[in-house]
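Colleague: Take a look at this one; I'll ask things after.
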Amino acid sequence: MKSMIPQQLSCLLCMLLLGTSLAFAPVQTTTRKSASSTTTLYSTAAPETSTKTIRLGIFGGGVVGGGVVDILQRKADFLKEMTGQSIQVNTLCVRDLNKKRDFDTSTVGTVTESYSDILENDDIDVVVEVMGGTTDAKDIVFAAIKAGKSVVTANKALIAKHLPEIESLLAAVNAERDVPVEFRFEAAVCGGIPVIRSMQSDFPGDQVSMLSGIINGCTNFMLTAMDRDGMSYEDALAEASRLGYAEADPTLDVGGFDARSKLRILMRLAFGVEVDEEEISCRGITDLTKLDFEYAKMMGGTIKLIGVATTVGENKVAAYVSPCYVTGSDQLASVNGATNAVEVISSNLVASTYIGQGAGRFPTANSVMNDIVALAKGDTVALPFNPLAKDTKFVNNYDSYFYIRIKYRDQVGITRQCGEICEKHGVSIHSILQNPITRRDDAAFVLITEKVPLSSVMGVCADLEGLDWCRGPTYYMPVLREDWNE
Ligand SMILES: NC(=O)c1ccc[n+]([C@@H]2O[C@H](COP(=O)([O-])OP(=O)(O)OC[C@H]3O[C@@H](n4cnc5c(N)ncnc54)[C@H](OP(=O)(O)O)[C@@H]3O)[C@@H](O)[C@H]2O)c1
C-alpha cells in the first residue's frame, strides 16, 4: 500500500524547487492515498478541487438510498465544513435503471445497474449497501472489504446471518493494512436510534445483564392499533403496509424474524455472545387474538412484541423474541405506533433506554449518514461487533412468569385437571383469570404462572392440548418483568 506522506512531500518539494506557490501549483495529477485506503482523495490541481473528497458508491436507490442522496444534497455545505471533506455520490447502483426515482439524482455522478461500476472503481472510497438481501448484498459487501473500501450498511439480515464471516474477513484484510477498512452498520438495528454506536462506545466498563426492547416498528404499530383502536389483525397489517412500515415480505415482521435478526446483533454487542439466529426462540404476533388483549387489559397492561436477551447464571445468556405481557406502568407499554425502544440494564448505568424512530426513509438514512460522516472525520472502530466473550454461552431456556390462554368446552373438573398437569411439570399457578362465559362450548380462561422455566410451560401446554375439553392450541407468552405484580 502506498503511503500518502512521501507523495505529498515530494509534490511539495517539486513545487518549492520550481518556485511555485501551493495554491496555484499547476499539478494535474490527483494523488490518491491508495485505491484501497479508507477515505480521502487529495488533489492539488486547482483551488476549487483542492477540498478533500470522499467518494461514495451506493448500492440501492430505494427508501433508504434515496434518503441518503437527499440528505447529502441538502446538507452538503454543512457536511463539508464539519468534516473538511466534500462527500459526493460517485455512483449509484440500482436494479432497474428505467424506474422513476422519488428523489433528485442530479448530483449523482453515474447511475448504473452494474456492480462492477462501483466495486472495480478505484475512485470510490466507501461502499454504502442499502439494497437489502443476503446473497448479492453479501458478495458486494465482501468484495468491497477485500478491495479496501470501507462499508456502511443498513442490512440487518446480512449481518445477523454472516456476522462471524464479516468479522473474520475484516480481521484478515486489516491485518495487511496500515489504514483499516471500516465496517459501519448503525442503520441496521432500530433505524434512526443510535443504539449500535452506544453499544460500541458506552458500555466497555460496564456489565450488561439484560437487554430488551420493541425492535420492530411494524408489529408495534399493529399491536397498538389492535389494542388501542380495537382493529383486527388483518386491518392492522394492511394499514402498516400502506404506511410503509412492513417489510416487502411482512412475514419477517409478524413472524418476529426481523426482530430476531436485530436481537442477535445486539446480543453480540452487549454480551459478546455468538449465536446462530435460528437458535433464538422466535414467536411472532400471528397467534394473538382479541381475547389476549382483553385479558391483558384485565391485568392492567398490554401486549408488546419484545426481543429479550438476559444473563442466566454465570456466563450464560438466554434470548427470545415473543409477544410479552407488559404492565401499564412499564415505560415500554407507552411506546406506541412504529416507534422502537431498547432498554439496557447494566451494573454501572443501571437502566438506559433508547427510544425513537426504528424505520422509515429519513430516520434510517440519518443513521447511514452518521456512519458516512464518521468515516469522513477519520473515526475508527477497531472491533465493530465488540470483543467475543469466548466463555459465554447461549442457552435456549429461561425462567419467567407466563401467561397461558386456554380455550375450552365447559365441563366439570377442568380446574382440577389443570392443577394436576401444572403440578406434574413443577409449575405453580399464580392466578386464574376468567371472562364471563357467553358460550359454554367456546370459552377461554388464562393461567398466570409463578416464575418457571419455559420448558415446563411448554410441557404443560402440550399436556393440556391432549385433553378432550381443550379446544385447539393453547397460547403462552412471558410476562416481561419479575415485579409485574407489585
Ligand atoms: N426502509 C426502512 O425503513 C429500513 C430501516 C432499517 C433498515 N433498512 C434496510 O435497508 C436496506 C434497504 O431497504 P429499503 O427499504 O431502502 O429497500 P427498497 O426501498 O426496496 O430499496 C432497495 C433498493 O435496492 C435496489 N436493489 C435491490 N436489489 C438490487 C440488485 N440486485 N441490484 C441492484 N440494485 C438492487 C433497488 O433497485 P430498484 O429501485 O431499481 O428496484 C432499490 O433501489 C435493507 O437492508 C433494509 O433491511 C430499511
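Following the order of the C-alpha cells, chains are lettered A, B, ..., residues in each are numbered from 1, and ligands are numbered from 1.
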Give me, as number ranges by chain, the set of residues whose atoms come within 9 Å of any atom of ligand 1, counting only C-alpha atoms and all ligand atoms.
Modeller: A: 59-67, 92-101, 112-115, 129-137, 153-158, 187-192, 244-248, 258, 358-365
Colleague: Could you write those residues out with C-alpha atoms, as a short mmCIF file (atom, residue, chain, number, x, y, z; two decimals), in the first residue's frame?
Modeller:
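Writing done, so here's part_27.cif:
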data_model
loop_
_atom_site.label_atom_id
_atom_site.label_comp_id
_atom_site.auth_asym_id
_atom_site.auth_seq_id
_atom_site.Cartn_x
_atom_site.Cartn_y
_atom_site.Cartn_z
CA PHE A 59 -26.00 0.15 -3.82
CA GLY A 60 -29.74 0.82 -3.62
CA GLY A 61 -31.80 3.85 -4.52
CA GLY A 62 -34.97 2.92 -2.67
CA VAL A 63 -36.41 4.13 0.63
CA VAL A 64 -33.05 4.40 2.42
CA GLY A 65 -30.75 5.08 -0.54
CA GLY A 66 -33.00 7.93 -1.71
CA GLY A 67 -32.90 9.42 1.78
CA LEU A 92 -25.48 4.78 -7.57
CA CYS A 93 -26.31 1.18 -8.45
CA VAL A 94 -29.97 0.16 -8.78
CA ARG A 95 -31.78 -2.89 -10.15
CA ASP A 96 -33.85 -1.07 -12.76
CA LEU A 97 -32.40 1.98 -14.50
CA ASN A 98 -35.78 2.84 -16.02
CA LYS A 99 -37.58 3.12 -12.70
CA LYS A 100 -38.59 6.67 -11.82
CA ARG A 101 -36.84 7.78 -8.63
CA THR A 112 -25.83 2.15 -13.14
CA GLU A 113 -27.12 -1.40 -12.95
CA SER A 114 -23.61 -2.84 -12.88
CA TYR A 115 -22.00 -3.83 -9.57
CA GLU A 129 -25.02 -1.02 0.82
CA VAL A 130 -28.72 -0.17 1.15
CA MET A 131 -30.22 -2.64 -1.29
CA GLY A 132 -31.01 -5.46 1.15
CA GLY A 133 -30.94 -9.24 0.80
CA THR A 134 -28.30 -11.71 1.83
CA THR A 135 -26.96 -13.10 -1.44
CA ASP A 136 -25.85 -10.34 -3.83
CA ALA A 137 -25.52 -7.95 -0.91
CA THR A 153 -24.74 -0.89 5.52
CA ALA A 154 -28.31 -0.91 6.83
CA ASN A 155 -28.67 -4.63 6.20
CA LYS A 156 -29.56 -6.39 9.47
CA ALA A 157 -30.40 -9.65 7.72
CA LEU A 158 -26.95 -9.84 6.16
CA ALA A 187 -28.91 1.82 10.48
CA ALA A 188 -29.17 -1.97 10.61
CA VAL A 189 -30.70 -2.04 14.09
CA CYS A 190 -33.61 0.20 15.06
CA GLY A 191 -33.29 2.59 12.09
CA GLY A 192 -32.69 6.05 13.48
CA GLY A 244 -44.61 1.66 4.60
CA TYR A 245 -43.90 0.06 8.00
CA ALA A 246 -43.96 -3.53 6.75
CA GLU A 247 -41.06 -5.29 5.02
CA ALA A 248 -41.66 -6.36 1.41
CA ASP A 258 -36.79 -9.14 11.71
CA GLY A 358 -36.95 2.50 14.11
CA ALA A 359 -37.59 2.71 10.38
CA GLY A 360 -38.55 4.97 7.51
CA ARG A 361 -36.60 6.92 4.91
CA PHE A 362 -35.12 9.75 6.92
CA PRO A 363 -34.61 8.13 10.33
CA THR A 364 -32.74 5.25 8.67
CA ALA A 365 -30.85 7.45 6.20
#
Colleague: Could you write out, as number ranges by chain, all the residues of stretch 88-212 of chain A that DSSP marks as strand (DSSP E)?
Modeller: A: 88-93, 110-112, 126-129, 150-153, 183-184, 208-212
Colleague: With only C-alpha atoms as the atoms that count, which of A:Glu343, A:Glu420, A:Glu274, A:Asp287 lies nearest to A:Ser322?
Modeller: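 Distance minimum relative to A:Ser322 lands on A:Asp287.
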Colleague: Counting only C-alpha atoms, which of A:Gln85, A:Asn397, A:Ser106, A:Ser281 gets nearest to A:Pro453?
Modeller: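 Closest candidate: A:Asn397.
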Colleague: Quick one: residues within 7 Å of A:Asn90, only C-alpha atoms counted, chain neighbours fewer than 5 positions away excluded, as a list in words?
Modeller: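 Close residues of A:Asn90: Arg55, Leu56, Gly57, Val108, Gly109, Thr110 and Ile124 of chain A.
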Colleague: So what do you get for atom CA of A:Gly148 versus atom CA of A:Pro164, distance-wise?
Modeller: 18.7 Å
Colleague: If you run DSSP on this backbone, which residues of stretch 93-215 of chain A come out as helix (DSSP H, G or I), and could you give them as a PyMOL selection string?
Modeller: chain A and resi 116-119+136-146+156-175+186-188+195-201
Colleague: Show which residues sit within 6 Å of stretch 327-340 of chain A, as an MDAnalysis selection string. Count only C-alpha atoms, and ignore same-chain residues fewer than 2 positions away.
Modeller: chainID A and resid 214:215 217:218 220:221 224 300:301 355:358
Colleague: Please produce a file of those selected residues containing all heavy atoms, as a short mmCIF file (atom, residue, chain, number, x, y, z; two decimals), in the first residue's frame.
Modeller:
data_model
loop_
_atom_site.label_atom_id
_atom_site.label_comp_id
_atom_site.auth_asym_id
_atom_site.auth_seq_id
_atom_site.Cartn_x
_atom_site.Cartn_y
_atom_site.Cartn_z
N ILE A 214 -38.60 -3.12 22.09
CA ILE A 214 -39.54 -3.16 20.97
C ILE A 214 -38.71 -2.81 19.75
O ILE A 214 -38.34 -1.65 19.57
CB ILE A 214 -40.67 -2.14 21.21
CG1 ILE A 214 -41.48 -2.54 22.44
CG2 ILE A 214 -41.56 -2.01 19.97
CD1 ILE A 214 -42.45 -1.47 22.92
N ILE A 215 -38.34 -3.83 18.97
CA ILE A 215 -37.35 -3.58 17.93
C ILE A 215 -37.91 -3.87 16.53
O ILE A 215 -37.16 -4.03 15.60
CB ILE A 215 -36.04 -4.36 18.21
CG1 ILE A 215 -36.33 -5.83 18.53
CG2 ILE A 215 -35.29 -3.72 19.36
CD1 ILE A 215 -35.06 -6.64 18.85
N GLY A 217 -40.89 -1.99 14.25
CA GLY A 217 -41.90 -0.93 14.21
C GLY A 217 -43.23 -1.39 13.65
O GLY A 217 -44.29 -0.97 14.11
N CYS A 218 -43.19 -2.28 12.65
CA CYS A 218 -44.44 -2.73 12.01
C CYS A 218 -45.34 -3.43 13.03
O CYS A 218 -46.53 -3.10 13.15
CB CYS A 218 -44.08 -3.68 10.86
SG CYS A 218 -45.53 -4.47 10.13
N ASN A 220 -45.20 -3.29 16.27
CA ASN A 220 -45.64 -2.40 17.36
C ASN A 220 -46.78 -1.51 16.90
O ASN A 220 -47.73 -1.26 17.64
CB ASN A 220 -44.48 -1.56 17.89
CG ASN A 220 -44.77 -1.06 19.29
OD1 ASN A 220 -45.18 -1.84 20.16
ND2 ASN A 220 -44.61 0.23 19.52
N PHE A 221 -46.70 -1.09 15.64
CA PHE A 221 -47.82 -0.32 15.08
C PHE A 221 -49.09 -1.17 15.11
O PHE A 221 -50.16 -0.71 15.52
CB PHE A 221 -47.49 0.10 13.64
CG PHE A 221 -48.65 0.75 12.95
CD1 PHE A 221 -48.90 2.11 13.10
CD2 PHE A 221 -49.52 -0.01 12.18
CE1 PHE A 221 -49.99 2.70 12.49
CE2 PHE A 221 -50.62 0.58 11.56
CZ PHE A 221 -50.85 1.94 11.73
N THR A 224 -50.43 -1.81 18.66
CA THR A 224 -51.05 -0.58 19.17
C THR A 224 -52.44 -0.41 18.58
O THR A 224 -53.41 -0.12 19.29
CB THR A 224 -50.19 0.66 18.82
OG1 THR A 224 -48.86 0.44 19.27
CG2 THR A 224 -50.73 1.93 19.46
N GLY A 300 -54.33 -5.07 33.67
CA GLY A 300 -53.81 -3.70 33.83
C GLY A 300 -52.68 -3.35 32.90
O GLY A 300 -51.97 -2.36 33.10
N GLY A 301 -52.48 -4.17 31.86
CA GLY A 301 -51.36 -3.88 30.96
C GLY A 301 -51.70 -4.09 29.51
O GLY A 301 -52.86 -3.98 29.10
N ILE A 355 -35.19 5.47 22.79
CA ILE A 355 -36.50 5.45 22.12
C ILE A 355 -36.42 6.32 20.88
O ILE A 355 -35.83 7.40 20.91
CB ILE A 355 -37.61 5.99 23.06
CG1 ILE A 355 -37.73 5.09 24.29
CG2 ILE A 355 -38.95 6.06 22.34
CD1 ILE A 355 -38.82 5.49 25.27
N GLY A 356 -37.01 5.87 19.79
CA GLY A 356 -37.01 6.70 18.59
C GLY A 356 -37.60 5.98 17.40
O GLY A 356 -38.20 4.91 17.53
N GLN A 357 -37.38 6.57 16.25
CA GLN A 357 -37.94 6.02 15.02
C GLN A 357 -37.08 4.85 14.54
O GLN A 357 -35.91 5.03 14.23
CB GLN A 357 -38.03 7.11 13.96
CG GLN A 357 -39.04 8.20 14.29
CD GLN A 357 -40.40 7.63 14.66
OE1 GLN A 357 -41.03 6.94 13.86
NE2 GLN A 357 -40.85 7.87 15.88
N GLY A 358 -37.70 3.70 14.45
CA GLY A 358 -36.95 2.50 14.11
C GLY A 358 -36.89 2.20 12.63
O GLY A 358 -36.25 1.24 12.21
#
Colleague: Near A:Met477, within 12 Å and counting only C-alpha atoms, which residues show up once chain neighbours fewer than 3 positions away are dropped, as a short mmCIF file (atom, residue, chain, number, x, y, z; two decimals) with N, CA and C atoms, in the first residue's frame?
Modeller:
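part.cif was written with the following content:
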data_model
loop_
_atom_site.label_atom_id
_atom_site.label_comp_id
_atom_site.auth_asym_id
_atom_site.auth_seq_id
_atom_site.Cartn_x
_atom_site.Cartn_y
_atom_site.Cartn_z
N SER A 281 -35.32 -18.57 20.19
CA SER A 281 -36.75 -18.84 20.14
C SER A 281 -37.48 -17.60 19.60
N CYS A 282 -38.32 -17.83 18.61
CA CYS A 282 -38.94 -16.69 17.93
C CYS A 282 -40.42 -16.95 17.71
N ARG A 283 -41.24 -16.15 18.35
CA ARG A 283 -42.69 -16.28 18.17
C ARG A 283 -43.22 -14.91 17.79
N GLY A 284 -43.94 -14.90 16.70
CA GLY A 284 -44.46 -13.63 16.21
C GLY A 284 -45.81 -13.30 16.80
N ILE A 285 -46.54 -12.45 16.11
CA ILE A 285 -47.81 -11.96 16.67
C ILE A 285 -49.03 -12.62 16.01
N ASP A 287 -50.51 -15.45 16.26
CA ASP A 287 -51.47 -16.26 17.04
C ASP A 287 -52.16 -15.47 18.15
N LEU A 288 -51.86 -14.18 18.23
CA LEU A 288 -52.54 -13.36 19.25
C LEU A 288 -53.98 -13.12 18.82
N ASP A 292 -56.72 -12.04 23.96
CA ASP A 292 -55.49 -11.81 24.72
C ASP A 292 -55.38 -10.34 25.15
N ALA A 296 -55.18 -9.02 28.87
CA ALA A 296 -54.06 -8.13 29.25
C ALA A 296 -54.61 -6.86 29.91
N ILE A 303 -49.92 -5.87 25.46
CA ILE A 303 -49.05 -6.89 24.86
C ILE A 303 -48.12 -6.21 23.86
N LYS A 304 -46.84 -6.50 23.96
CA LYS A 304 -45.86 -5.95 23.03
C LYS A 304 -44.99 -7.09 22.51
N LEU A 305 -44.57 -6.99 21.25
CA LEU A 305 -43.59 -7.95 20.75
C LEU A 305 -42.21 -7.46 21.20
N ILE A 306 -41.57 -8.28 22.02
CA ILE A 306 -40.31 -7.84 22.64
C ILE A 306 -39.19 -8.82 22.30
N TYR A 320 -34.95 -14.48 23.54
CA TYR A 320 -36.14 -14.86 22.79
C TYR A 320 -36.79 -13.62 22.20
N VAL A 321 -37.57 -13.87 21.16
CA VAL A 321 -38.48 -12.84 20.62
C VAL A 321 -39.88 -13.39 20.81
N SER A 322 -40.73 -12.64 21.47
CA SER A 322 -42.08 -13.14 21.74
C SER A 322 -42.99 -11.97 22.10
N PRO A 323 -44.29 -12.14 21.84
CA PRO A 323 -45.21 -11.21 22.48
C PRO A 323 -45.07 -11.39 23.98
N CYS A 324 -45.12 -10.29 24.72
CA CYS A 324 -44.98 -10.36 26.19
C CYS A 324 -46.09 -9.54 26.81
N TYR A 325 -46.53 -9.99 27.97
CA TYR A 325 -47.42 -9.13 28.74
C TYR A 325 -46.55 -8.06 29.40
N VAL A 326 -46.98 -6.80 29.28
CA VAL A 326 -46.24 -5.68 29.85
C VAL A 326 -47.21 -4.88 30.71
N ASP A 399 -36.29 -18.57 32.63
CA ASP A 399 -37.37 -18.59 33.62
C ASP A 399 -38.16 -17.28 33.53
N SER A 400 -39.45 -17.40 33.69
CA SER A 400 -40.29 -16.19 33.68
C SER A 400 -41.64 -16.53 34.30
N TYR A 401 -42.38 -15.51 34.64
CA TYR A 401 -43.82 -15.68 34.85
C TYR A 401 -44.40 -15.85 33.45
N PHE A 402 -45.40 -16.69 33.32
CA PHE A 402 -46.00 -16.89 31.99
C PHE A 402 -47.51 -16.68 32.02
N TYR A 403 -48.01 -16.21 30.91
CA TYR A 403 -49.45 -16.10 30.64
C TYR A 403 -49.79 -17.29 29.74
N ILE A 404 -50.77 -18.11 30.15
CA ILE A 404 -51.20 -19.22 29.28
C ILE A 404 -52.71 -19.09 29.03
N ARG A 405 -53.08 -18.93 27.76
CA ARG A 405 -54.52 -18.83 27.42
C ARG A 405 -54.99 -20.19 26.92
N VAL A 446 -57.41 -17.89 31.46
CA VAL A 446 -55.97 -17.64 31.42
C VAL A 446 -55.34 -18.05 32.75
N LEU A 447 -54.22 -18.77 32.64
CA LEU A 447 -53.43 -19.10 33.83
C LEU A 447 -52.22 -18.17 33.85
N ILE A 448 -51.95 -17.59 34.98
CA ILE A 448 -50.67 -16.89 35.15
C ILE A 448 -49.83 -17.75 36.08
N THR A 449 -48.66 -18.12 35.60
CA THR A 449 -47.81 -18.99 36.42
C THR A 449 -46.92 -18.16 37.32
N LEU A 454 -39.30 -21.98 30.82
CA LEU A 454 -40.07 -22.07 29.58
C LEU A 454 -40.37 -23.53 29.24
N VAL A 457 -43.38 -24.82 30.96
CA VAL A 457 -44.63 -24.26 30.42
C VAL A 457 -44.99 -24.97 29.11
N MET A 458 -43.99 -25.24 28.30
CA MET A 458 -44.27 -25.94 27.04
C MET A 458 -44.81 -27.34 27.32
N CYS A 461 -48.48 -26.97 28.35
CA CYS A 461 -49.34 -26.67 27.19
C CYS A 461 -49.56 -27.92 26.35
N THR A 474 -53.13 -24.17 22.83
CA THR A 474 -53.03 -23.17 23.91
C THR A 474 -52.10 -22.06 23.41
N LEU A 480 -43.22 -9.75 31.05
CA LEU A 480 -41.89 -9.16 30.86
C LEU A 480 -41.08 -9.01 32.14
#
Colleague: Check the smallest atom-to-atom distance from each of A:Ser168, A:Ser456, A:Ser431, A:Ser212 to A:Phe385 using only C-alpha atoms, then report the winner.
Modeller: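 The closest residue to A:Phe385 is A:Ser168.
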Colleague: Hey, which of A:Val275, A:Asp253, A:Ile87, A:Gly466 ends up closest to A:Ala389? Count only C-alpha atoms.
Modeller: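 Between A:Val275, A:Asp253, A:Ile87, A:Gly466, the residue approaching A:Ala389 most closely is A:Val275.
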